[in-house]
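Listing of upload_3.tsv, TSV, C-alpha atoms
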```
chain	number	residue	atom	x	y	z
A	205	MET	CA	32.82	34.93	151.51
A	206	ASN	CA	32.18	35.70	155.23
A	207	ARG	CA	29.55	38.13	156.38
A	208	SER	CA	31.95	41.00	157.21
A	209	LYS	CA	33.44	40.98	153.72
A	210	LEU	CA	29.99	40.80	152.16
A	211	TYR	CA	28.81	43.77	154.24
A	212	GLY	CA	31.86	45.79	153.26
A	213	ALA	CA	31.29	45.07	149.59
A	214	ILE	CA	27.68	46.23	149.87
A	215	LEU	CA	28.72	49.53	151.55
A	216	LEU	CA	31.40	50.14	148.92
A	217	GLY	CA	28.86	49.61	146.16
A	218	LEU	CA	26.39	51.98	147.75
A	219	TRP	CA	29.11	54.67	148.15
A	220	ALA	CA	30.16	54.27	144.54
A	221	ALA	CA	26.58	54.56	143.35
A	222	GLY	CA	26.12	57.72	145.44
A	223	ALA	CA	29.31	59.27	144.13
A	224	SER	CA	28.29	58.56	140.57
A	225	ALA	CA	24.92	60.14	141.16
A	226	GLN	CA	26.65	63.29	142.57
A	227	ASP	CA	29.05	63.57	139.57
A	228	LYS	CA	26.21	63.44	137.08
A	229	LEU	CA	24.39	66.79	136.89
A	230	PRO	CA	20.78	67.09	135.77
A	231	SER	CA	20.47	67.65	132.03
A	232	ASN	CA	18.93	71.12	132.46
A	233	VAL	CA	21.83	72.15	134.70
A	234	ALA	CA	24.41	70.68	132.33
A	235	PHE	CA	22.76	72.45	129.38
A	236	ARG	CA	22.97	75.85	131.06
A	237	LEU	CA	26.57	75.19	132.05
A	238	LYS	CA	27.35	74.54	128.38
A	239	GLU	CA	25.65	77.82	127.44
A	240	ALA	CA	27.77	79.62	130.04
A	241	ASP	CA	30.85	77.86	128.66
A	242	ARG	CA	30.14	79.11	125.10
A	243	ILE	CA	29.57	82.64	126.35
A	244	LEU	CA	32.84	82.66	128.33
A	245	ALA	CA	34.87	80.98	125.57
A	246	ARG	CA	34.02	83.73	123.06
A	247	ALA	CA	34.96	86.42	125.55
A	248	GLU	CA	38.20	84.68	126.57
A	249	ARG	CA	39.27	84.38	122.94
A	250	ALA	CA	38.47	88.05	122.33
A	251	LEU	CA	40.41	89.15	125.41
A	252	GLU	CA	43.47	87.09	124.60
A	253	SER	CA	43.65	87.72	120.83
A	254	ASP	CA	45.92	90.19	119.01
A	255	SER	CA	43.09	91.32	116.73
A	256	VAL	CA	42.69	94.90	115.54
A	257	ALA	CA	39.63	95.32	117.74
A	258	SER	CA	39.94	98.11	120.28
A	259	GLU	CA	40.91	97.40	123.86
A	260	ASP	CA	37.68	99.01	125.02
A	261	TRP	CA	35.61	96.59	122.90
A	262	LYS	CA	37.53	93.59	124.26
A	263	ILE	CA	36.97	94.70	127.86
A	264	GLN	CA	33.26	95.37	127.33
A	265	THR	CA	32.88	91.98	125.62
A	266	ALA	CA	34.52	90.22	128.60
A	267	GLN	CA	32.46	92.13	131.18
A	268	THR	CA	29.21	91.40	129.30
A	269	ALA	CA	30.10	87.70	128.99
A	270	ALA	CA	30.89	87.44	132.70
A	271	ALA	CA	27.54	89.04	133.54
A	272	GLU	CA	25.63	86.71	131.16
A	273	ALA	CA	27.41	83.61	132.50
A	274	ARG	CA	26.66	84.72	136.07
A	275	GLU	CA	22.97	85.01	135.11
A	276	LYS	CA	23.08	81.40	133.88
A	277	MET	CA	24.52	80.30	137.23
A	278	GLN	CA	21.81	82.25	139.08
A	279	GLU	CA	19.16	80.60	136.92
A	280	ILE	CA	20.60	77.15	137.78
A	281	GLU	CA	20.51	77.99	141.46
A	282	GLN	CA	16.97	79.37	141.41
A	283	ARG	CA	15.36	76.70	139.23
A	284	TYR	CA	17.27	73.54	140.10
A	285	SER	CA	18.33	74.00	143.71
A	286	GLY	CA	18.44	70.66	145.52
A	287	GLN	CA	18.87	68.70	142.31
A	288	TYR	CA	22.65	69.04	142.32
A	289	SER	CA	25.45	69.65	144.75
A	290	PRO	CA	26.68	73.32	144.91
A	291	THR	CA	30.17	71.88	145.40
A	292	HIS	CA	30.02	69.87	142.22
A	293	PRO	CA	33.37	70.27	140.40
A	294	ASP	CA	31.72	71.62	137.25
A	295	ILE	CA	29.75	74.21	139.25
A	296	VAL	CA	32.83	75.28	141.22
A	297	ALA	CA	34.99	75.42	138.08
A	298	MET	CA	32.44	77.58	136.24
A	299	GLN	CA	32.15	80.02	139.12
A	300	ALA	CA	35.96	80.30	139.31
A	301	ARG	CA	36.13	80.82	135.56
A	302	ILE	CA	33.58	83.62	135.70
A	303	ALA	CA	35.47	85.31	138.54
A	304	LYS	CA	38.75	85.03	136.63
A	305	LEU	CA	37.28	86.59	133.48
A	306	ASP	CA	35.72	89.36	135.53
A	307	ALA	CA	39.07	90.05	137.23
A	308	MET	CA	40.93	90.07	133.92
A	309	ALA	CA	38.44	92.49	132.39
A	310	GLY	CA	38.64	94.72	135.47
A	311	GLY	CA	42.44	94.69	135.41
A	312	ARG	CA	42.51	95.54	131.73
A	313	ALA	CA	39.98	98.34	132.26
A	314	GLU	CA	42.06	99.81	135.08
A	315	ALA	CA	45.23	99.60	132.98
A	316	MET	CA	43.46	101.30	130.07
A	317	GLN	CA	42.24	104.06	132.37
A	318	GLN	CA	45.75	104.58	133.70
A	319	ALA	CA	47.11	104.72	130.15
A	320	GLU	CA	44.46	107.26	129.16
A	321	THR	CA	45.26	109.38	132.21
A	322	ALA	CA	48.99	109.20	131.42
A	323	ALA	CA	48.32	110.10	127.79
A	324	GLN	CA	46.20	113.08	128.83
A	325	GLN	CA	48.92	114.21	131.21
A	326	GLN	CA	51.56	113.77	128.49
A	327	THR	CA	49.40	115.72	126.05
A	328	ALA	CA	49.05	118.53	128.57
A	329	GLU	CA	52.79	118.56	129.22
A	330	ALA	CA	53.47	118.44	125.47
A	331	GLY	CA	51.15	121.37	124.94
A	332	GLN	CA	52.92	123.41	127.59
A	333	ALA	CA	56.39	122.49	126.31
A	334	SER	CA	55.45	123.03	122.66
A	335	GLU	CA	53.54	126.28	122.99
A	336	SER	CA	56.53	128.62	123.07
A	337	TRP	CA	58.43	126.67	120.38
A	338	LEU	CA	55.40	126.65	118.10
A	339	ALA	CA	55.03	130.41	118.50
A	340	ARG	CA	58.69	130.80	117.55
A	341	LEU	CA	58.91	128.42	114.58
A	342	GLN	CA	55.50	128.62	112.95
A	343	PRO	CA	55.72	132.23	111.65
A	344	TYR	CA	58.60	131.18	109.36
A	345	VAL	CA	56.37	128.68	107.51
A	346	ILE	CA	52.98	130.44	107.39
A	347	GLY	CA	52.80	131.41	103.73
A	348	VAL	CA	51.06	134.22	101.90
A	349	GLY	CA	47.27	134.04	102.19
A	350	GLN	CA	47.32	131.82	105.27
A	351	PRO	CA	45.95	133.00	108.64
A	352	GLY	CA	48.76	134.44	110.74
A	353	HIS	CA	51.07	135.20	107.79
A	354	ASN	CA	53.78	137.71	108.69
A	355	PRO	CA	55.79	139.00	105.70
A	356	ASP	CA	58.61	140.04	108.02
A	357	LYS	CA	58.95	136.46	109.33
A	358	TYR	CA	57.96	134.12	106.51
A	359	LEU	CA	61.00	132.41	104.99
A	360	ILE	CA	60.63	132.37	101.21
A	361	PRO	CA	62.62	129.21	100.38
A	362	SER	CA	64.54	130.65	97.44
A	363	ALA	CA	67.18	133.25	96.69
A	364	THR	CA	66.64	136.31	94.51
A	365	GLN	CA	68.81	138.70	92.50
A	366	GLU	CA	66.97	141.73	93.92
A	367	LYS	CA	69.53	143.07	96.40
A	368	ASP	CA	67.28	144.54	99.11
A	369	GLU	CA	64.88	141.60	99.02
A	370	MET	CA	67.75	139.12	99.18
A	371	GLN	CA	69.20	140.91	102.19
A	372	LYS	CA	65.78	140.66	103.87
A	373	ARG	CA	65.56	136.94	103.10
A	374	LEU	CA	69.08	136.39	104.41
A	375	GLY	CA	68.12	138.01	107.69
A	376	ILE	CA	64.98	135.88	108.01
A	377	TYR	CA	66.94	132.77	107.08
A	378	ALA	CA	69.54	133.48	109.76
A	379	GLU	CA	66.83	133.85	112.42
A	380	ALA	CA	64.93	130.77	111.23
A	381	ALA	CA	68.04	128.56	111.04
A	382	THR	CA	69.08	129.64	114.54
A	383	ALA	CA	65.62	128.94	115.95
A	384	LEU	CA	65.50	125.52	114.28
A	385	ALA	CA	68.95	124.58	115.59
A	386	GLU	CA	67.97	125.58	119.13
A	387	TYR	CA	64.72	123.60	118.85
A	388	LYS	CA	66.62	120.48	117.83
A	389	LYS	CA	69.05	121.00	120.69
A	390	ALA	CA	66.13	121.22	123.15
A	391	ASN	CA	65.18	117.65	122.10
A	392	LEU	CA	61.53	117.69	123.22
A	393	GLY	CA	60.96	114.17	121.91
A	394	THR	CA	57.50	112.92	122.86
A	395	LYS	CA	56.69	116.25	124.49
A	396	ALA	CA	56.47	117.86	121.06
A	397	THR	CA	52.93	118.11	119.74
A	398	ASP	CA	52.09	116.95	116.22
A	399	GLU	CA	51.52	120.57	115.24
A	400	LEU	CA	55.00	121.54	116.45
A	401	LYS	CA	56.61	118.56	114.72
A	402	GLN	CA	54.92	119.54	111.48
A	403	ALA	CA	56.07	123.17	111.78
A	404	ALA	CA	59.66	122.06	112.50
A	405	ALA	CA	59.64	119.66	109.55
A	406	MET	CA	58.29	122.36	107.22
A	407	LEU	CA	60.92	124.83	108.43
A	408	GLU	CA	63.73	122.34	107.93
A	409	THR	CA	62.53	121.75	104.37
A	410	ALA	CA	62.37	125.52	103.77
A	411	THR	CA	65.92	126.10	105.04
A	412	ILE	CA	67.29	123.28	102.88
A	413	GLN	CA	65.49	124.68	99.82
A	414	PHE	CA	66.88	128.14	100.57
A	415	GLN	CA	70.40	126.75	100.87
A	416	THR	CA	70.02	124.89	97.57
A	417	SER	CA	68.76	128.02	95.87
A	418	CYS	CA	71.70	130.01	97.25
A	419	ARG	CA	74.11	127.43	95.83
A	420	LEU	CA	72.53	127.97	92.43
A	421	TYR	CA	73.25	131.67	92.81
A	422	ALA	CA	76.81	130.78	93.78
A	423	ASP	CA	77.10	129.01	90.43
A	424	GLN	CA	75.88	132.20	88.76
A	425	ASP	CA	78.53	134.17	90.68
A	426	ILE	CA	81.16	131.77	89.38
A	427	GLY	CA	80.05	132.50	85.82
A	428	GLU	CA	79.96	136.26	86.40
A	429	ALA	CA	83.42	136.28	87.98
A	430	ASP	CA	84.82	134.19	85.13
A	431	THR	CA	83.50	136.72	82.58
A	432	LYS	CA	84.92	139.71	84.47
A	433	ILE	CA	88.32	138.06	84.94
A	434	GLN	CA	88.46	137.10	81.28
A	435	GLN	CA	87.81	140.70	80.27
A	436	MET	CA	90.52	141.97	82.62
A	437	GLU	CA	92.98	139.35	81.35
A	438	GLN	CA	92.39	140.46	77.76
A	439	PHE	CA	92.86	144.11	78.73
A	440	THR	CA	96.04	143.39	80.69
A	441	ARG	CA	97.59	141.36	77.85
A	442	ALA	CA	96.92	144.25	75.47
A	443	GLN	CA	98.62	146.71	77.85
A	444	GLU	CA	101.60	144.39	78.29
A	445	SER	CA	102.01	144.32	74.51
A	446	LYS	CA	101.96	148.13	74.39
A	447	MET	CA	104.51	148.34	77.20
A	448	ALA	CA	106.81	145.95	75.33
A	449	ALA	CA	106.43	148.09	72.19
A	450	LYS	CA	107.31	151.26	74.16
A	451	GLU	CA	103.83	152.60	73.55
A	452	MET	CA	101.56	154.42	76.00
A	453	PHE	CA	99.74	151.87	78.16
A	454	LEU	CA	97.14	151.88	80.92
A	455	PHE	CA	96.41	149.66	83.90
A	456	LEU	CA	93.27	148.34	85.47
A	457	ASP	CA	91.11	150.27	87.87
A	458	ARG	CA	91.79	148.60	91.19
A	459	ASP	CA	88.05	148.42	91.90
A	460	GLN	CA	87.67	146.03	88.96
A	461	ILE	CA	89.95	143.45	90.60
A	462	ALA	CA	88.41	144.05	94.03
A	463	ASN	CA	84.86	143.62	92.69
A	464	ALA	CA	85.76	140.37	90.94
A	465	GLN	CA	87.42	139.11	94.11
A	466	ALA	CA	84.31	140.01	96.11
A	467	ILE	CA	82.14	137.97	93.74
A	468	VAL	CA	84.48	134.97	94.06
A	469	ASP	CA	84.51	135.31	97.85
A	470	ARG	CA	80.71	135.52	97.90
A	471	ALA	CA	80.47	132.28	95.95
A	472	ALA	CA	83.11	130.66	98.18
A	473	GLY	CA	80.85	131.19	101.18
A	474	LEU	CA	78.32	128.78	99.66
A	475	LEU	CA	80.49	126.19	97.89
A	476	LYS	CA	82.41	123.27	99.28
A	477	ALA	CA	85.99	123.88	100.34
A	478	GLY	CA	88.42	122.95	97.60
A	479	ASP	CA	85.99	123.63	94.76
A	480	GLN	CA	88.23	123.56	91.67
A	481	ARG	CA	86.37	126.43	90.03
A	482	LEU	CA	87.14	128.69	92.99
A	483	LEU	CA	90.77	127.61	93.06
A	484	GLY	CA	91.09	128.36	89.36
A	485	LEU	CA	89.45	131.80	89.65
A	486	ASN	CA	91.66	132.75	92.59
A	487	ARG	CA	94.78	131.68	90.67
A	488	ARG	CA	93.74	133.86	87.76
A	489	LEU	CA	93.05	136.81	90.07
A	490	ASP	CA	96.51	136.38	91.63
A	491	GLY	CA	97.98	136.42	88.14
A	492	LEU	CA	96.07	139.60	87.31
A	493	LYS	CA	97.36	141.28	90.47
A	494	ARG	CA	100.96	140.41	89.56
A	495	ALA	CA	100.53	141.62	86.00
A	496	ASP	CA	98.87	144.81	87.19
A	497	ALA	CA	101.69	145.43	89.69
A	498	LYS	CA	104.26	145.18	86.86
A	499	LEU	CA	102.36	147.67	84.77
A	500	ARG	CA	102.11	150.07	87.68
A	501	ALA	CA	105.80	149.65	88.55
A	502	ALA	CA	106.65	150.74	85.01
A	503	ARG	CA	104.77	153.96	85.67
A	504	ILE	CA	105.99	154.49	89.22
A	505	ALA	CA	106.15	158.26	88.82
A	506	GLU	CA	102.36	158.31	88.29
A	507	THR	CA	101.50	156.36	91.45
A	508	ARG	CA	100.10	158.83	93.97
A	509	MET	CA	98.10	158.73	97.18
A	510	GLN	CA	94.47	159.72	96.97
A	511	PRO	CA	93.19	162.39	99.39
A	512	ASP	CA	91.22	161.71	102.56
A	513	ALA	CA	87.52	161.30	101.79
A	514	TYR	CA	86.14	159.99	105.10
A	515	THR	CA	85.05	162.46	107.78
A	516	GLY	CA	83.67	160.12	110.45
A	517	GLY	CA	84.58	160.64	114.08
A	518	ASP	CA	86.39	157.30	114.19
A	519	ALA	CA	88.75	158.21	111.33
A	520	ALA	CA	91.87	158.42	113.54
A	521	ASP	CA	91.24	154.98	115.08
A	522	LEU	CA	90.57	153.43	111.68
A	523	LYS	CA	93.82	154.85	110.30
A	524	LYS	CA	95.74	153.37	113.23
A	525	SER	CA	94.12	149.99	112.58
A	526	ALA	CA	95.05	150.12	108.88
A	527	GLU	CA	98.64	150.97	109.77
A	528	GLN	CA	98.77	147.97	112.11
A	529	PHE	CA	97.54	145.69	109.32
A	530	VAL	CA	100.39	146.96	107.10
A	531	LEU	CA	102.97	146.45	109.85
A	532	ARG	CA	101.67	142.97	110.46
A	533	ALA	CA	102.11	142.12	106.77
A	534	GLN	CA	105.38	144.06	106.32
A	535	PRO	CA	107.32	144.26	109.62
A	536	GLY	CA	109.79	147.14	109.79
A	537	VAL	CA	107.87	149.52	107.54
A	538	ARG	CA	107.89	153.19	108.59
A	539	VAL	CA	104.53	154.76	107.95
A	540	LEU	CA	104.75	158.03	106.00
A	541	LYS	CA	101.10	158.91	105.49
A	542	THR	CA	97.64	157.34	105.79
A	543	ALA	CA	94.40	158.33	104.04
A	544	ILE	CA	90.90	156.84	104.12
A	545	ILE	CA	89.93	157.11	100.46
A	546	SER	CA	86.35	155.79	100.84
A	547	PRO	CA	83.83	158.58	101.53
A	548	ASP	CA	81.75	156.25	103.71
A	549	TRP	CA	81.27	152.66	104.79
A	550	LYS	CA	80.04	150.23	102.16
A	551	GLN	CA	77.74	147.61	103.67
A	552	GLU	CA	77.05	144.13	102.29
A	553	SER	CA	75.26	141.02	103.48
A	554	VAL	CA	76.31	137.47	102.63
A	555	ILE	CA	75.53	133.93	103.72
A	556	GLU	CA	78.29	131.50	104.48
A	557	TRP	CA	78.93	128.13	106.15
A	558	THR	CA	79.20	128.32	109.93
A	559	ASP	CA	82.25	126.05	110.02
A	560	THR	CA	84.30	123.58	108.00
A	561	THR	CA	81.68	120.83	108.39
A	562	GLN	CA	79.43	122.89	106.10
A	563	THR	CA	76.23	121.63	107.74
A	564	ALA	CA	74.58	125.01	108.35
A	565	LEU	CA	74.60	128.49	106.88
A	566	ARG	CA	74.62	131.82	108.64
A	567	HIS	CA	73.89	135.40	107.66
A	568	ARG	CA	76.74	137.92	107.99
A	569	THR	CA	76.55	141.68	107.50
A	570	THR	CA	79.87	143.50	106.97
A	571	ARG	CA	80.82	147.10	106.32
A	572	ARG	CA	84.10	148.08	104.64
A	573	LEU	CA	86.38	151.04	103.92
A	574	THR	CA	89.45	151.35	101.71
A	575	VAL	CA	92.54	152.93	103.25
A	576	GLN	CA	95.87	153.83	101.61
A	577	VAL	CA	99.04	153.69	103.70
A	578	ALA	CA	102.34	155.00	102.31
A	579	GLY	CA	105.32	153.31	103.96
A	580	LYS	CA	109.08	153.12	103.57
A	581	ARG	CA	111.54	150.38	104.44
A	582	ASN	CA	115.19	151.18	103.78
A	583	MET	CA	115.12	153.04	100.43
A	584	ASP	CA	111.97	151.33	99.18
A	585	THR	CA	108.72	153.35	99.27
A	586	ARG	CA	105.42	151.60	98.63
A	587	LEU	CA	101.71	152.37	98.64
A	588	TYR	CA	99.64	149.79	100.51
A	589	THR	CA	95.92	149.60	99.76
A	590	VAL	CA	94.16	148.15	102.81
A	591	ASP	CA	90.67	146.66	103.18
A	592	VAL	CA	89.24	147.60	106.60
A	593	ARG	CA	86.03	145.91	107.74
A	594	GLN	CA	83.70	145.39	110.71
A	595	ASP	CA	80.99	142.75	111.21
A	596	LEU	CA	77.53	143.47	112.59
A	597	GLN	CA	77.04	141.85	116.02
A	598	ALA	CA	73.93	140.15	117.38
A	599	GLY	CA	73.18	143.09	119.65
A	600	GLY	CA	73.13	145.52	116.74
A	601	GLY	CA	76.54	147.15	117.20
A	602	TRP	CA	79.64	146.78	115.04
A	603	GLY	CA	82.39	144.42	116.10
A	604	PRO	CA	86.17	144.93	116.21
A	605	THR	CA	88.03	146.19	113.16
A	606	HIS	CA	89.69	143.63	110.88
A	607	GLY	CA	91.59	144.07	107.66
A	608	HIS	CA	94.30	143.03	105.22
A	609	VAL	CA	96.55	144.47	102.55
A	610	MET	CA	94.92	144.08	99.14
A	611	PHE	CA	97.56	145.73	96.88
A	612	THR	CA	101.17	146.88	97.15
A	613	ASP	CA	102.55	149.38	94.62
A	614	PRO	CA	106.02	150.97	94.35
A	615	MET	CA	105.91	154.76	94.43
A	616	LEU	CA	108.11	157.82	94.78
A	617	GLU	CA	108.31	159.18	98.29
A	618	SER	CA	107.62	162.65	96.93
A	619	ASN	CA	104.24	161.42	95.68
A	620	THR	CA	103.03	160.82	99.24
A	621	GLN	CA	102.61	164.56	99.78
```
Show how you would write the structure in this file as structure tokens.
Amino acid sequence: MNRSKLYGAILLGLWAAGASAQDKLPSNVAFRLKEADRILARAERALESDSVASEDWKIQTAQTAAAEAREKMQEIEQRYSGQYSPTHPDIVAMQARIAKLDAMAGGRAEAMQQAETAAQQQTAEAGQASESWLARLQPYVIGVGQPGHNPDKYLIPSATQEKDEMQKRLGIYAEAATALAEYKKANLGTKATDELKQAAAMLETATIQFQTSCRLYADQDIGEADTKIQQMEQFTRAQESKMAAKEMFLFLDRDQIANAQAIVDRAAGLLKAGDQRLLGLNRRLDGLKRADAKLRAARIAETRMQPDAYTGGDAADLKKSAEQFVLRAQPGVRVLKTAIISPDWKQESVIEWTDTTQTALRHRTTRRLTVQVAGKRNMDTRLYTVDVRQDLQAGGGWGPTHGHVMFTDPMLESNTQ
């Protein structure tokens, strides 16, 4: 080997020896680096895990670990300076690792702060949006003995047979159901506070329980109507037998049929359309009306108009309305005389489905009068008994007049006087 090659080999060996010496850190430095590694590893695992530990604990753990690892690096620098190269790969890597953990912890802390700020803002907005709704819905569910209970607002979730109390509950139910429907339509979503959500859920449960209870009362109405109709059917059959035997016979008081029909109609407001019990009761009522009309026709000479009994200032308008209802049902009739035979309005309150979907109930208050209209078409004179009614409006006044012909009886024209 020539001298130049030998010299080059010597330099290469010296460089390799120097590089090896630089790569190998002093044991005390390496030991502290390992301690820093263990500290950071625990924090990194905590920060990256999906454990149930809180985000705040994970961030604090990472920040504490970064600070402890940085202290280890400061200790290395203070105690072993000059014994290692500050640019040693292990030293540089550890410093970068500490900086990365610190940045991650800082980023997570900032994100958590932003989330807390957003949550606080959302809570404030929810409180503002929920305040008015809570004030509107909560009185319906604050029961007896609870702070804030209002007996004029609390919805007792059951029906009752006590007439005045039931009318009160129907009114409260109508208000509560309307308020709940409007709340749902507002769709507050996440803006609704937990307190408001609870009040709305309690009110929905109360309205459903009230509806269920009312359906039970509808079943009772079905039973009551069946009993009344059965009694009238028995009476009518007995009178038909007397008529066939040429004996003196009677006919039903028209109020009996009307009352039974009112009970059936009240039940119909709460039962599903097409309920076979309702269909059967209405068929029987129609049969009673036909049988009663035959009995009355056989005693045509005794069919007379009743005198006027109503003295209200709107009597003339109500008579005109009743006459129009007769003309609508029997075109071509010439009105001979009209009399309002009810002394005053009779008011009733019922609950009924809002539409054919039967998803919600409403409260309806109606007042009624009975009017008799004597009319003649060709040589045929008849007495029309008309139901005239008006519904209570939201503003407190009474709506337009509606009505229909309930009964039609043949009569002598001379009996209209």
- Message: For a test of reading the model, state the distance in Å between CA of Ala442 (chain A) and CA of Met615 (chain A), rounded to one decimal.
- Response: 23.5 Å
- Message: For a quick check of understanding, using only C-alpha atoms, which of A:Ile412, A:Leu482, A:Ala313, A:Ala505 has the smallest distance to Tyr377 (chain A)?
- Response: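 So, comparing all the options, the nearest one is A:Ile412.
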- Name the residues in contact with Arg532 (chain A) at a cut-off of 10 Å, using all atoms listed in the file, excluding same-chain residues fewer than 6 positions from it; report them as a PyMOL selection string. chain A and resi 526+608-609
Selected residues written out, C-alpha atoms, as an mmCIF file, keeping the file's coordinate frame:
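Saved as again.cif:
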```
data_model
loop_
_atom_site.group_PDB
_atom_site.id
_atom_site.type_symbol
_atom_site.label_atom_id
_atom_site.label_comp_id
_atom_site.auth_asym_id
_atom_site.auth_seq_id
_atom_site.Cartn_x
_atom_site.Cartn_y
_atom_site.Cartn_z
ATOM 1 C CA ALA A 526 95.050 150.120 108.880
ATOM 2 C CA HIS A 608 94.300 143.030 105.220
ATOM 3 C CA VAL A 609 96.550 144.470 102.550
#
```
- Query: What does the distance between CA of Asp490 (chain A) and CA of Glu444 (chain A) come to in Å, to one decimal place?
  - Reply: 16.4 Å
Taking all atoms of region 249-268 of chain A that appear in the file, build a box with edges along x, y and z, extend it by 6 Å on every side, and state its centre and edge lengths in Å to one decimal, as JSON.
```
{"center_x": 37.6, "center_y": 91.7, "center_z": 123.4, "size_x": 28.7, "size_y": 26.6, "size_z": 27.6}
```
Skip Asp591 (chain A) itself and residues of its chain fewer than 2 positions away, then list as a PDB file with C-alpha atoms, in the coordinates of the input all residues within 7 Å of it, counting only C-alpha atoms.
```pdb
ATOM      1  CA  ARG A 572      84.100 148.080 104.640  1.00  0.00           C
ATOM      2  CA  LEU A 573      86.380 151.040 103.920  1.00  0.00           C
ATOM      3  CA  THR A 574      89.450 151.350 101.710  1.00  0.00           C
ATOM      4  CA  VAL A 575      92.540 152.930 103.250  1.00  0.00           C
ATOM      5  CA  THR A 589      95.920 149.600  99.760  1.00  0.00           C
ATOM      6  CA  ARG A 593      86.030 145.910 107.740  1.00  0.00           C
ATOM      7  CA  GLY A 607      91.590 144.070 107.660  1.00  0.00           C
ATOM      8  CA  HIS A 608      94.300 143.030 105.220  1.00  0.00           C
ATOM      9  CA  VAL A 609      96.550 144.470 102.550  1.00  0.00           C
ATOM     10  CA  MET A 610      94.920 144.080  99.140  1.00  0.00           C
TER      11      MET A 610
END
```
Please rebuild region 595-608 of chain A with N, CA and C atoms and return the result as a PDB file, in the frame of the given file.
```pdb
ATOM      1  N   ASP A 595      82.181 143.596 111.329  1.00  0.00           N
ATOM      2  CA  ASP A 595      80.990 142.750 111.210  1.00  0.00           C
ATOM      3  C   ASP A 595      79.922 143.193 112.186  1.00  0.00           C
ATOM      4  N   LEU A 596      78.663 143.112 111.743  1.00  0.00           N
ATOM      5  CA  LEU A 596      77.530 143.470 112.590  1.00  0.00           C
ATOM      6  C   LEU A 596      77.336 142.380 113.648  1.00  0.00           C
ATOM      7  N   GLN A 597      77.206 142.792 114.914  1.00  0.00           N
ATOM      8  CA  GLN A 597      77.040 141.850 116.020  1.00  0.00           C
ATOM      9  C   GLN A 597      75.563 141.588 116.287  1.00  0.00           C
ATOM     10  N   ALA A 598      75.314 140.540 117.080  1.00  0.00           N
ATOM     11  CA  ALA A 598      73.930 140.150 117.380  1.00  0.00           C
ATOM     12  C   ALA A 598      73.163 141.256 118.084  1.00  0.00           C
ATOM     13  N   GLY A 599      73.847 142.032 118.916  1.00  0.00           N
ATOM     14  CA  GLY A 599      73.180 143.090 119.650  1.00  0.00           C
ATOM     15  C   GLY A 599      72.891 144.329 118.838  1.00  0.00           C
ATOM     16  N   GLY A 600      73.380 144.380 117.592  1.00  0.00           N
ATOM     17  CA  GLY A 600      73.130 145.520 116.740  1.00  0.00           C
ATOM     18  C   GLY A 600      74.319 146.433 116.526  1.00  0.00           C
ATOM     19  N   GLY A 601      75.357 146.323 117.372  1.00  0.00           N
ATOM     20  CA  GLY A 601      76.540 147.150 117.200  1.00  0.00           C
ATOM     21  C   GLY A 601      77.546 146.509 116.263  1.00  0.00           C
ATOM     22  N   TRP A 602      78.596 147.267 115.934  1.00  0.00           N
ATOM     23  CA  TRP A 602      79.640 146.780 115.040  1.00  0.00           C
ATOM     24  C   TRP A 602      80.794 146.221 115.847  1.00  0.00           C
ATOM     25  N   GLY A 603      81.324 145.106 115.395  1.00  0.00           N
ATOM     26  CA  GLY A 603      82.390 144.420 116.100  1.00  0.00           C
ATOM     27  C   GLY A 603      83.749 145.066 115.893  1.00  0.00           C
ATOM     28  N   PRO A 604      84.815 144.394 116.341  1.00  0.00           N
ATOM     29  CA  PRO A 604      86.170 144.930 116.210  1.00  0.00           C
ATOM     30  C   PRO A 604      86.571 145.074 114.739  1.00  0.00           C
ATOM     31  N   THR A 605      87.563 145.913 114.520  1.00  0.00           N
ATOM     32  CA  THR A 605      88.030 146.190 113.160  1.00  0.00           C
ATOM     33  C   THR A 605      89.026 145.132 112.703  1.00  0.00           C
ATOM     34  N   HIS A 606      88.779 144.591 111.506  1.00  0.00           N
ATOM     35  CA  HIS A 606      89.690 143.630 110.880  1.00  0.00           C
ATOM     36  C   HIS A 606      90.141 144.193 109.542  1.00  0.00           C
ATOM     37  N   GLY A 607      91.161 143.597 108.966  1.00  0.00           N
ATOM     38  CA  GLY A 607      91.590 144.070 107.660  1.00  0.00           C
ATOM     39  C   GLY A 607      92.793 143.330 107.116  1.00  0.00           C
ATOM     40  N   HIS A 608      93.141 143.639 105.866  1.00  0.00           N
ATOM     41  CA  HIS A 608      94.300 143.030 105.220  1.00  0.00           C
ATOM     42  C   HIS A 608      94.760 143.915 104.064  1.00  0.00           C
TER      43      HIS A 608
END
```
